[in-house]
>>> print(open('entry.txt').read())   # compact mmCIF, C-alpha atoms
# COMPACT_ATOMS: atom_id res chain seq x y z
CA MET A 603 -176.49 67.14 -9.07
CA ASN A 604 -176.15 66.00 -5.45
CA SER A 605 -172.88 66.85 -3.71
CA ASP A 606 -170.81 64.04 -2.24
CA LEU A 607 -171.87 62.61 1.09
CA LYS A 608 -169.78 60.45 3.38
CA ILE A 609 -171.31 57.78 5.60
CA SER A 610 -169.51 55.59 8.14
CA LEU A 611 -170.74 51.99 8.48
CA ASP A 612 -170.12 49.74 11.47
CA LEU A 613 -169.16 46.42 9.90
CA MET A 614 -169.40 44.44 13.13
CA GLY A 615 -172.87 45.33 14.45
CA GLY A 616 -175.86 43.01 14.71
CA ASP A 617 -176.28 39.31 14.09
CA ASN A 618 -175.01 39.36 10.51
CA GLY A 619 -172.17 41.90 10.62
CA PRO A 620 -170.18 42.08 7.36
CA GLN A 621 -172.58 39.66 5.63
CA ALA A 622 -175.28 42.34 5.81
CA VAL A 623 -173.19 45.50 5.56
CA ILE A 624 -170.97 44.67 2.57
CA PRO A 625 -173.77 43.76 0.08
CA ALA A 626 -175.75 46.79 1.26
CA ALA A 627 -172.73 49.04 0.70
CA ILE A 628 -172.27 47.67 -2.82
CA ASN A 629 -175.92 48.40 -3.65
CA ILE A 630 -175.69 51.92 -2.26
CA LEU A 631 -172.60 52.72 -4.35
CA GLN A 632 -174.14 51.22 -7.47
CA LYS A 633 -177.25 53.37 -7.12
CA ASP A 634 -175.73 56.69 -6.06
CA SER A 635 -172.38 57.90 -7.38
CA SER A 636 -172.35 60.82 -4.93
CA ILE A 637 -171.92 58.58 -1.87
CA LYS A 638 -168.61 57.75 -0.22
CA LEU A 639 -168.38 55.15 2.53
CA THR A 640 -166.07 54.56 5.46
CA LEU A 641 -166.19 50.95 6.65
CA VAL A 642 -165.15 50.31 10.24
CA GLY A 643 -164.40 46.82 11.52
CA LEU A 644 -161.96 44.20 12.69
CA PRO A 645 -159.01 43.47 10.35
CA GLU A 646 -160.57 40.25 9.04
CA ALA A 647 -163.83 42.04 8.23
CA ILE A 648 -161.89 44.80 6.46
CA GLU A 649 -160.08 42.21 4.34
CA GLN A 650 -163.38 40.56 3.50
CA ALA A 651 -164.77 43.90 2.37
CA LYS A 652 -161.72 44.70 0.26
CA SER A 653 -161.97 41.36 -1.51
CA CYS A 654 -165.63 42.02 -2.32
CA PHE A 655 -165.15 45.57 -3.58
CA GLY A 656 -161.90 45.02 -5.45
CA GLU A 657 -160.66 48.02 -7.39
CA LYS A 658 -164.02 49.16 -8.71
CA TYR A 659 -164.93 51.46 -5.84
CA LYS A 660 -161.50 52.26 -4.43
CA GLU A 661 -162.13 56.01 -4.80
CA LYS A 662 -165.43 55.70 -2.96
CA ILE A 663 -164.43 53.60 0.04
CA SER A 664 -162.07 54.06 2.95
CA TYR A 665 -161.40 51.69 5.84
CA ILE A 666 -160.75 52.03 9.56
CA GLU A 667 -159.49 49.06 11.55
CA ALA A 668 -161.00 48.48 14.97
CA SER A 669 -159.57 46.20 17.64
CA GLU A 670 -162.76 45.64 19.62
CA VAL A 671 -166.43 44.82 19.10
CA VAL A 672 -169.37 45.83 21.27
CA SER A 673 -171.55 42.74 21.62
CA MET A 674 -175.31 42.75 22.04
CA GLN A 675 -174.80 41.55 25.61
CA ASP A 676 -172.38 44.30 26.66
CA ASP A 677 -173.51 46.80 29.27
CA PRO A 678 -173.82 50.20 27.51
CA ILE A 679 -171.88 52.15 30.15
CA GLU A 680 -169.12 49.54 30.35
CA ALA A 681 -168.85 49.53 26.57
CA LEU A 682 -168.55 53.33 26.60
CA ARG A 683 -165.84 53.27 29.26
CA ARG A 684 -163.77 50.29 28.20
CA LYS A 685 -164.20 49.65 24.47
CA LYS A 686 -162.72 52.84 23.07
CA LYS A 687 -161.38 51.11 19.95
CA SER A 688 -164.61 49.33 19.06
CA SER A 689 -166.03 49.55 15.56
CA LEU A 690 -169.19 51.17 16.95
CA ARG A 691 -167.29 53.96 18.69
CA LEU A 692 -164.85 54.61 15.86
CA ALA A 693 -167.73 54.87 13.38
CA ILE A 694 -169.40 57.53 15.56
CA GLU A 695 -166.10 59.36 16.02
CA GLU A 696 -166.04 59.91 12.27
CA VAL A 697 -169.22 61.98 12.72
CA LYS A 698 -167.80 63.80 15.73
CA TYR A 699 -164.73 64.99 13.81
CA ASN A 700 -166.77 65.90 10.71
CA ARG A 701 -165.05 63.33 8.53
CA VAL A 702 -168.43 61.84 7.58
CA ASP A 703 -171.97 63.19 7.46
CA ALA A 704 -173.70 60.29 9.22
CA CYS A 705 -173.13 56.90 10.83
CA VAL A 706 -175.12 53.63 10.60
CA SER A 707 -174.80 50.64 12.93
CA SER A 708 -176.76 47.49 13.73
CA GLY A 709 -175.00 47.26 17.08
CA ASN A 710 -176.12 47.27 20.71
CA THR A 711 -178.81 49.98 20.95
CA GLY A 712 -177.95 51.07 24.48
CA ALA A 713 -174.23 51.27 23.72
CA LEU A 714 -174.89 53.13 20.47
CA MET A 715 -177.07 55.67 22.26
CA ALA A 716 -174.70 56.13 25.21
CA THR A 717 -171.64 56.45 22.98
CA ALA A 718 -173.31 58.79 20.50
CA LYS A 719 -174.63 61.03 23.27
CA TYR A 720 -171.19 61.16 24.92
CA LEU A 721 -169.24 61.85 21.73
CA LEU A 722 -171.66 64.11 19.85
CA GLY A 723 -173.54 65.84 22.63
CA MET A 724 -177.10 67.14 22.48
CA ILE A 725 -178.57 69.87 20.31
CA PRO A 726 -178.90 72.96 22.54
CA GLY A 727 -182.41 73.09 23.96
CA VAL A 728 -182.97 69.33 23.67
CA ASP A 729 -182.80 67.55 27.02
CA ARG A 730 -182.86 63.92 25.87
CA PRO A 731 -182.37 62.04 22.61
CA ALA A 732 -185.16 59.87 21.26
CA ILE A 733 -185.43 56.96 18.85
CA VAL A 734 -187.66 57.67 15.85
CA SER A 735 -188.61 55.39 12.98
CA ALA A 736 -191.04 55.24 10.09
CA ILE A 737 -194.07 52.96 10.50
CA PRO A 738 -196.11 51.85 7.45
CA SER A 739 -199.64 53.24 7.24
CA ILE A 740 -202.54 53.16 4.80
CA LYS A 741 -201.07 56.15 2.98
CA GLY A 742 -197.29 56.27 3.17
CA THR A 743 -195.62 56.27 6.57
CA VAL A 744 -196.02 57.75 10.03
CA PHE A 745 -193.02 58.65 12.19
CA MET A 746 -193.20 57.42 15.75
CA LEU A 747 -191.07 58.39 18.75
CA ASP A 748 -189.77 57.65 21.33
CA LEU A 749 -189.25 53.95 20.59
CA GLY A 750 -187.13 53.07 23.59
CA ALA A 751 -184.48 55.63 24.44
CA ASN A 752 -186.28 56.98 27.52
CA ILE A 753 -188.35 54.82 29.85
CA ASN A 754 -189.38 57.85 31.91
CA SER A 755 -190.19 61.17 30.25
CA THR A 756 -191.57 64.57 31.22
CA PRO A 757 -194.10 66.69 29.30
CA SER A 758 -191.20 68.89 28.21
CA ASN A 759 -189.40 65.83 26.82
CA LEU A 760 -192.46 64.71 24.85
CA PHE A 761 -192.94 68.24 23.52
CA GLN A 762 -189.34 68.23 22.27
CA PHE A 763 -189.91 64.79 20.72
CA ALA A 764 -192.92 66.22 18.89
CA VAL A 765 -190.82 69.09 17.52
CA MET A 766 -188.08 66.74 16.31
CA GLY A 767 -190.56 64.25 14.86
CA SER A 768 -192.31 67.03 12.96
CA ILE A 769 -189.03 68.20 11.42
CA ILE A 770 -188.04 64.66 10.46
CA SER A 771 -191.44 64.03 8.87
CA LYS A 772 -191.16 67.26 6.91
CA GLY A 773 -187.58 66.52 5.84
CA ILE A 774 -188.06 62.90 4.82
CA SER A 775 -191.70 62.78 3.65
CA GLY A 776 -191.89 66.36 2.37
CA ILE A 777 -195.02 67.20 4.39
CA ASN A 778 -195.15 70.94 4.98
CA LYS A 779 -197.18 70.86 8.22
CA PRO A 780 -197.00 67.32 9.63
CA ARG A 781 -199.93 66.33 11.82
CA VAL A 782 -198.70 65.54 15.32
CA ALA A 783 -200.66 63.26 17.65
CA LEU A 784 -200.14 61.96 21.18
CA LEU A 785 -200.59 58.23 21.76
CA ASN A 786 -203.26 57.71 24.40
CA VAL A 787 -205.85 55.23 25.67
CA GLY A 788 -208.63 57.27 24.08
CA GLU A 789 -209.28 60.36 21.98
CA GLU A 790 -211.29 62.24 24.61
CA GLU A 791 -209.53 65.04 26.50
CA ILE A 792 -210.45 63.56 29.91
CA LYS A 793 -208.59 60.31 29.17
CA GLY A 794 -204.94 59.53 29.81
CA ASN A 795 -202.42 60.02 32.59
CA ASP A 796 -200.94 63.32 33.77
CA LEU A 797 -197.96 62.99 31.42
CA VAL A 798 -200.17 62.83 28.35
CA LYS A 799 -202.58 65.53 29.53
CA ASP A 800 -199.80 67.98 30.45
CA THR A 801 -198.01 67.33 27.15
CA ALA A 802 -201.26 67.98 25.28
CA LYS A 803 -201.46 71.43 26.86
CA LEU A 804 -197.94 72.26 25.67
CA LEU A 805 -198.66 71.06 22.15
CA SER A 806 -202.00 72.88 21.97
CA ASN A 807 -200.23 76.18 22.71
CA SER A 808 -197.43 75.59 20.17
CA ASN A 809 -197.02 76.31 16.46
CA LEU A 810 -196.98 72.61 15.67
CA ASN A 811 -199.89 71.09 13.77
CA TYR A 812 -201.19 69.24 16.81
CA VAL A 813 -204.30 67.14 16.05
CA GLY A 814 -204.93 65.65 19.50
CA PHE A 815 -204.86 62.14 20.95
CA ILE A 816 -204.58 58.99 18.90
CA GLU A 817 -205.26 55.38 19.91
CA GLY A 818 -202.99 52.51 18.99
CA ASN A 819 -205.38 51.07 16.39
CA ASP A 820 -205.42 54.41 14.53
CA ILE A 821 -201.64 54.72 14.08
CA PHE A 822 -201.95 53.04 10.66
CA ASN A 823 -205.06 54.90 9.48
CA ASN A 824 -203.41 58.08 8.16
CA ASN A 825 -204.79 60.16 11.04
CA ALA A 826 -201.34 61.57 11.89
CA ASP A 827 -197.89 61.98 10.38
CA VAL A 828 -196.07 61.94 13.73
CA VAL A 829 -197.05 59.92 16.79
CA VAL A 830 -195.44 60.88 20.11
CA THR A 831 -195.13 58.72 23.21
CA ASP A 832 -192.61 57.84 25.90
CA GLY A 833 -189.97 55.19 25.27
CA PHE A 834 -191.62 52.53 27.44
CA VAL A 835 -194.93 52.59 25.59
CA GLY A 836 -193.24 53.22 22.24
CA ASN A 837 -190.95 50.22 22.45
CA ILE A 838 -193.76 47.88 23.49
CA SER A 839 -195.91 49.22 20.65
CA LEU A 840 -193.14 48.70 18.09
CA LYS A 841 -192.40 45.14 19.23
CA SER A 842 -196.12 44.36 19.18
CA MET A 843 -196.36 45.62 15.59
CA GLU A 844 -193.43 43.42 14.58
CA GLY A 845 -195.06 40.44 16.27
CA VAL A 846 -198.41 41.00 14.52
CA ALA A 847 -196.66 41.31 11.14
CA ASN A 848 -194.86 38.01 11.77
CA LEU A 849 -198.15 36.38 12.83
CA ILE A 850 -199.90 37.50 9.63
CA SER A 851 -196.99 36.19 7.55
CA TYR A 852 -197.09 32.86 9.40
CA TYR A 853 -200.81 32.32 8.81
CA ILE A 854 -200.60 33.29 5.15
CA LYS A 855 -197.79 30.78 4.56
CA LYS A 856 -199.62 28.11 6.54
CA GLU A 857 -202.93 28.52 4.72
CA PHE A 858 -201.40 28.40 1.26
CA SER A 859 -199.40 25.25 2.03
CA LEU A 860 -202.23 23.08 3.36
CA SER A 861 -203.04 21.38 0.05
CA PHE A 862 -202.31 21.33 -3.65
CA TYR A 863 -205.47 23.37 -4.26
CA ARG A 864 -204.32 26.02 -1.79
CA LYS A 865 -200.89 26.13 -3.44
CA LEU A 866 -202.58 26.65 -6.80
CA GLN A 867 -204.58 29.52 -5.29
CA PHE A 868 -201.35 31.05 -4.06
CA PHE A 869 -199.80 30.74 -7.52
CA LEU A 870 -202.74 32.63 -9.03
CA ALA A 871 -202.62 35.27 -6.30
CA LYS A 872 -198.84 35.50 -6.22
CA PRO A 873 -198.48 39.00 -7.80
CA SER A 874 -200.91 40.48 -5.29
CA MET A 875 -199.40 38.55 -2.40
CA ASN A 876 -195.93 39.79 -3.34
CA GLU A 877 -197.15 43.38 -3.24
CA ILE A 878 -198.73 42.84 0.17
CA ARG A 879 -195.56 41.19 1.44
CA LYS A 880 -193.49 44.09 0.14
CA LYS A 881 -195.70 46.68 1.85
CA LEU A 882 -195.54 44.80 5.17
CA ASP A 883 -191.85 43.92 4.92
CA SER A 884 -190.25 45.56 7.94
CA ARG A 885 -186.91 45.63 6.10
CA GLN A 886 -188.29 48.38 3.86
CA TYR A 887 -188.78 50.59 6.92
CA ASN A 888 -185.61 49.69 8.79
CA GLY A 889 -183.55 52.51 10.23
CA ALA A 890 -184.27 54.30 13.50
CA THR A 891 -182.67 57.71 14.01
CA LEU A 892 -181.16 58.72 17.35
CA VAL A 893 -182.68 62.18 17.10
CA GLY A 894 -181.64 65.16 19.23
CA LEU A 895 -177.90 64.59 18.87
CA ASN A 896 -175.37 66.97 17.33
CA GLY A 897 -174.96 64.61 14.41
CA ILE A 898 -176.74 61.88 12.49
CA VAL A 899 -176.64 58.34 13.87
CA VAL A 900 -179.02 55.71 12.49
CA LYS A 901 -179.69 52.43 14.28
CA SER A 902 -180.31 49.43 12.04
CA HIS A 903 -182.16 46.45 13.52
CA GLY A 904 -179.90 43.87 15.14
CA HIS A 905 -181.33 41.13 12.89
CA SER A 906 -180.85 43.18 9.70
CA ASP A 907 -179.94 41.49 6.44
CA SER A 908 -178.44 43.43 3.53
CA LEU A 909 -181.81 44.82 2.33
CA ALA A 910 -182.71 46.08 5.80
CA PHE A 911 -179.28 47.62 6.34
CA GLU A 912 -179.48 49.35 2.96
CA SER A 913 -182.79 50.91 4.03
CA ALA A 914 -181.11 52.25 7.17
CA VAL A 915 -178.28 53.76 5.11
CA ASN A 916 -180.82 55.42 2.83
CA ILE A 917 -182.41 57.07 5.88
CA ALA A 918 -178.99 58.40 6.89
CA ILE A 919 -178.41 59.74 3.38
CA ILE A 920 -181.74 61.60 3.30
CA GLU A 921 -181.20 63.10 6.75
CA ALA A 922 -177.66 64.18 5.86
CA ARG A 923 -178.79 65.83 2.63
CA LYS A 924 -181.52 67.69 4.55
CA ASN A 925 -179.10 68.49 7.40
CA LEU A 926 -181.87 67.68 9.87
CA PRO A 927 -179.88 68.33 13.09
CA SER A 928 -179.43 71.94 11.94
CA GLU A 929 -183.14 72.15 11.09
CA ILE A 930 -184.01 70.94 14.58
CA LYS A 931 -181.59 73.40 16.20
CA GLU A 932 -183.02 76.29 14.21
CA PHE A 933 -186.58 75.39 15.20
CA ILE A 934 -185.68 74.91 18.88
CA ASP A 935 -183.91 78.31 18.92
CA LYS A 936 -187.16 79.98 17.88
CA LEU A 937 -189.22 78.47 20.70
>>> encode(input="entry.txt", output="structure tokens")
Amino acid sequence: MNSDLKISLDLMGGDNGPQAVIPAAINILQKDSSIKLTLVGLPEAIEQAKSCFGEKYKEKISYIEASEVVSMQDDPIEALRRKKKSSLRLAIEEVKYNRVDACVSSGNTGALMATAKYLLGMIPGVDRPAIVSAIPSIKGTVFMLDLGANINSTPSNLFQFAVMGSIISKGISGINKPRVALLNVGEEEIKGNDLVKDTAKLLSNSNLNYVGFIEGNDIFNNNADVVVTDGFVGNISLKSMEGVANLISYYIKKEFSLSFYRKLQFFLAKPSMNEIRKKLDSRQYNGATLVGLNGIVVKSHGHSDSLAFESAVNIAIIEARKNLPSEIKEFIDKL
């Protein structure tokens, strides 16, 4: 039987705040009796949560009142300096003082990263944190990083990202020797900039299961379990994927609403269409880990609804059970 885990949830983050977090928290507690939650938010959000939970989960939930909120428009450094009683910061502090095993927030990404790095510090041997998330592929998922934490990176940074991505893939997907690939403009060794070429040399001489370069169109083709890139390219790639998924959804809806005959076709194809929609639903893959920190912090998308936020919490639970920061530290120590 799983031992109890404690997760802190930022009630105030993202566009939907408590409307997303509270239903997600209820679902998590209903599905897993070993989870305890600490909800952090403004007094009115705390009262809203208490009214929703009632007495049923009183042994499983604790509350921390915050007096400030970090908005999506706040400058990360200013938020770190001035908003020391924000829900985002207090939720991370629970990790810092070992009162919880992980933290989840839909808040300002820059502020979350800056605050988490300041409060938790880096794993020894890791120079910079990275943002890693699961991307759907033909067979399961592929973990991609960095997705926006570092605009400029060195070969050493990308090598460390590869190490951390490999450990996360192994811990979450259960793959013993995850295949690691570098995102590039071609598969040939002569292609790419100096950053990619120099990183390839480091990976080729490592114990990682490095399989070479990978192009953007092959990310989804089960050619790698971990795809490594710098934060500039990674963030653009991720946003492009989201845009393409929305475009496909738009055209499907449009085509099946053009006429009564098309609507009838949709009705007949509805079971299959629902499966396709489920596989492409970004909410199922929500939850980006700020990897490299001395603690587990998971970023939920700013537009997250309750289903998406629940997915992010599930990522935090898996990483906490696997104690992935310790796994990363142990691997780095051996390099």
>>> residues_near_point(input="entry.txt", point="(-161.2, 45.0, 9.7)", cutoff="10 Å", atoms="all atoms listed in the file", output="VMD selection string")
chain A and resid 613 to 614 620 641 to 652 665 to 669 689
>>> closest_residue(input="entry.txt", among="A:Lys931, A:Arg879, A:Arg701, A:Arg691", to="Val765 (chain A)", atoms="all atoms listed in the file")
A:Lys931
>>> atom_distance(input="entry.txt", atom1="CA of Gly712 (chain A)", atom2="CA of Lys772 (chain A)")
27.3 Å
>>> residues_around(input="entry.txt", residues="Lys901 (chain A)", least_positions_apart="5", cutoff="12 Å", atoms="all atoms listed in the file", output="PyMOL selection string")
chain A and resi 611-612+615-616+690+694+704-715+718+732-735+749-751+887-893+906+910-918
>>> atom_distance(input="entry.txt", atom1="CA of Met724 (chain A)", atom2="CA of Ile679 (chain A)")
17.6 Å
>>> atom_distance(input="entry.txt", atom1="CA of Val829 (chain A)", atom2="CA of Leu785 (chain A)")
6.3 Å
>>> closest_residue(input="entry.txt", among="A:Ser859, A:Asn754, A:Ile769, A:Ser808", to="Leu937 (chain A)", atoms="all atoms listed in the file")
A:Ser808
>>> closest_residue(input="entry.txt", among="A:Asp907, A:Asp703, A:Glu670, A:Asp748", to="Val830 (chain A)", atoms="only C-alpha atoms")
A:Asp748
>>> closest_residue(input="entry.txt", among="A:Ala681, A:Gln762, A:Tyr699, A:Ser635", to="Asp935 (chain A)", atoms="all atoms listed in the file")
A:Gln762
>>> residues_around(input="entry.txt", residues="Asn825 (chain A)", least_positions_apart="4", cutoff="8 Å", atoms="all atoms listed in the file", output="PyMOL selection string")
chain A and resi 781+816+820-821
>>> axis_aligned_box(input="entry.txt", around="region 816-820 of chain A", padding_each_side="3 Å", output="lines of an AutoDock Vina configuration file")
center_x = -204.2
center_y = 55.0
center_z = 17.2
size_x = 8.4
size_y = 13.9
size_z = 11.4
>>> residues_around(input="entry.txt", residues="Leu805 (chain A)", least_positions_apart="6", cutoff="10 Å", atoms="only C-alpha atoms", output="MDAnalysis selection string")
chainID A and resid 757:758 760:762 764:765 782:784 811:814
>>> residues_near_point(input="entry.txt", point="(-176.2, 65.9, 6.6)", cutoff="10 Å", atoms="all atoms listed in the file", output="PyMOL selection string")
chain A and resi 607-609+702-704+897-898+918-928
>>> closest_residue(input="entry.txt", among="A:Leu810, A:Ile628, A:Val787, A:Ile854", to="Leu909 (chain A)", atoms="only C-alpha atoms")
A:Ile628
>>> closest_residue(input="entry.txt", among="A:Phe815, A:Phe655, A:Phe822, A:Tyr720", to="Leu882 (chain A)", atoms="all atoms listed in the file")
A:Phe822
>>> residues_around(input="entry.txt", residues="Ile637 (chain A)", least_positions_apart="3", cutoff="10 Å", atoms="only C-alpha atoms", output="PyMOL selection string")
chain A and resi 604-609+627+630-634+662-663+919
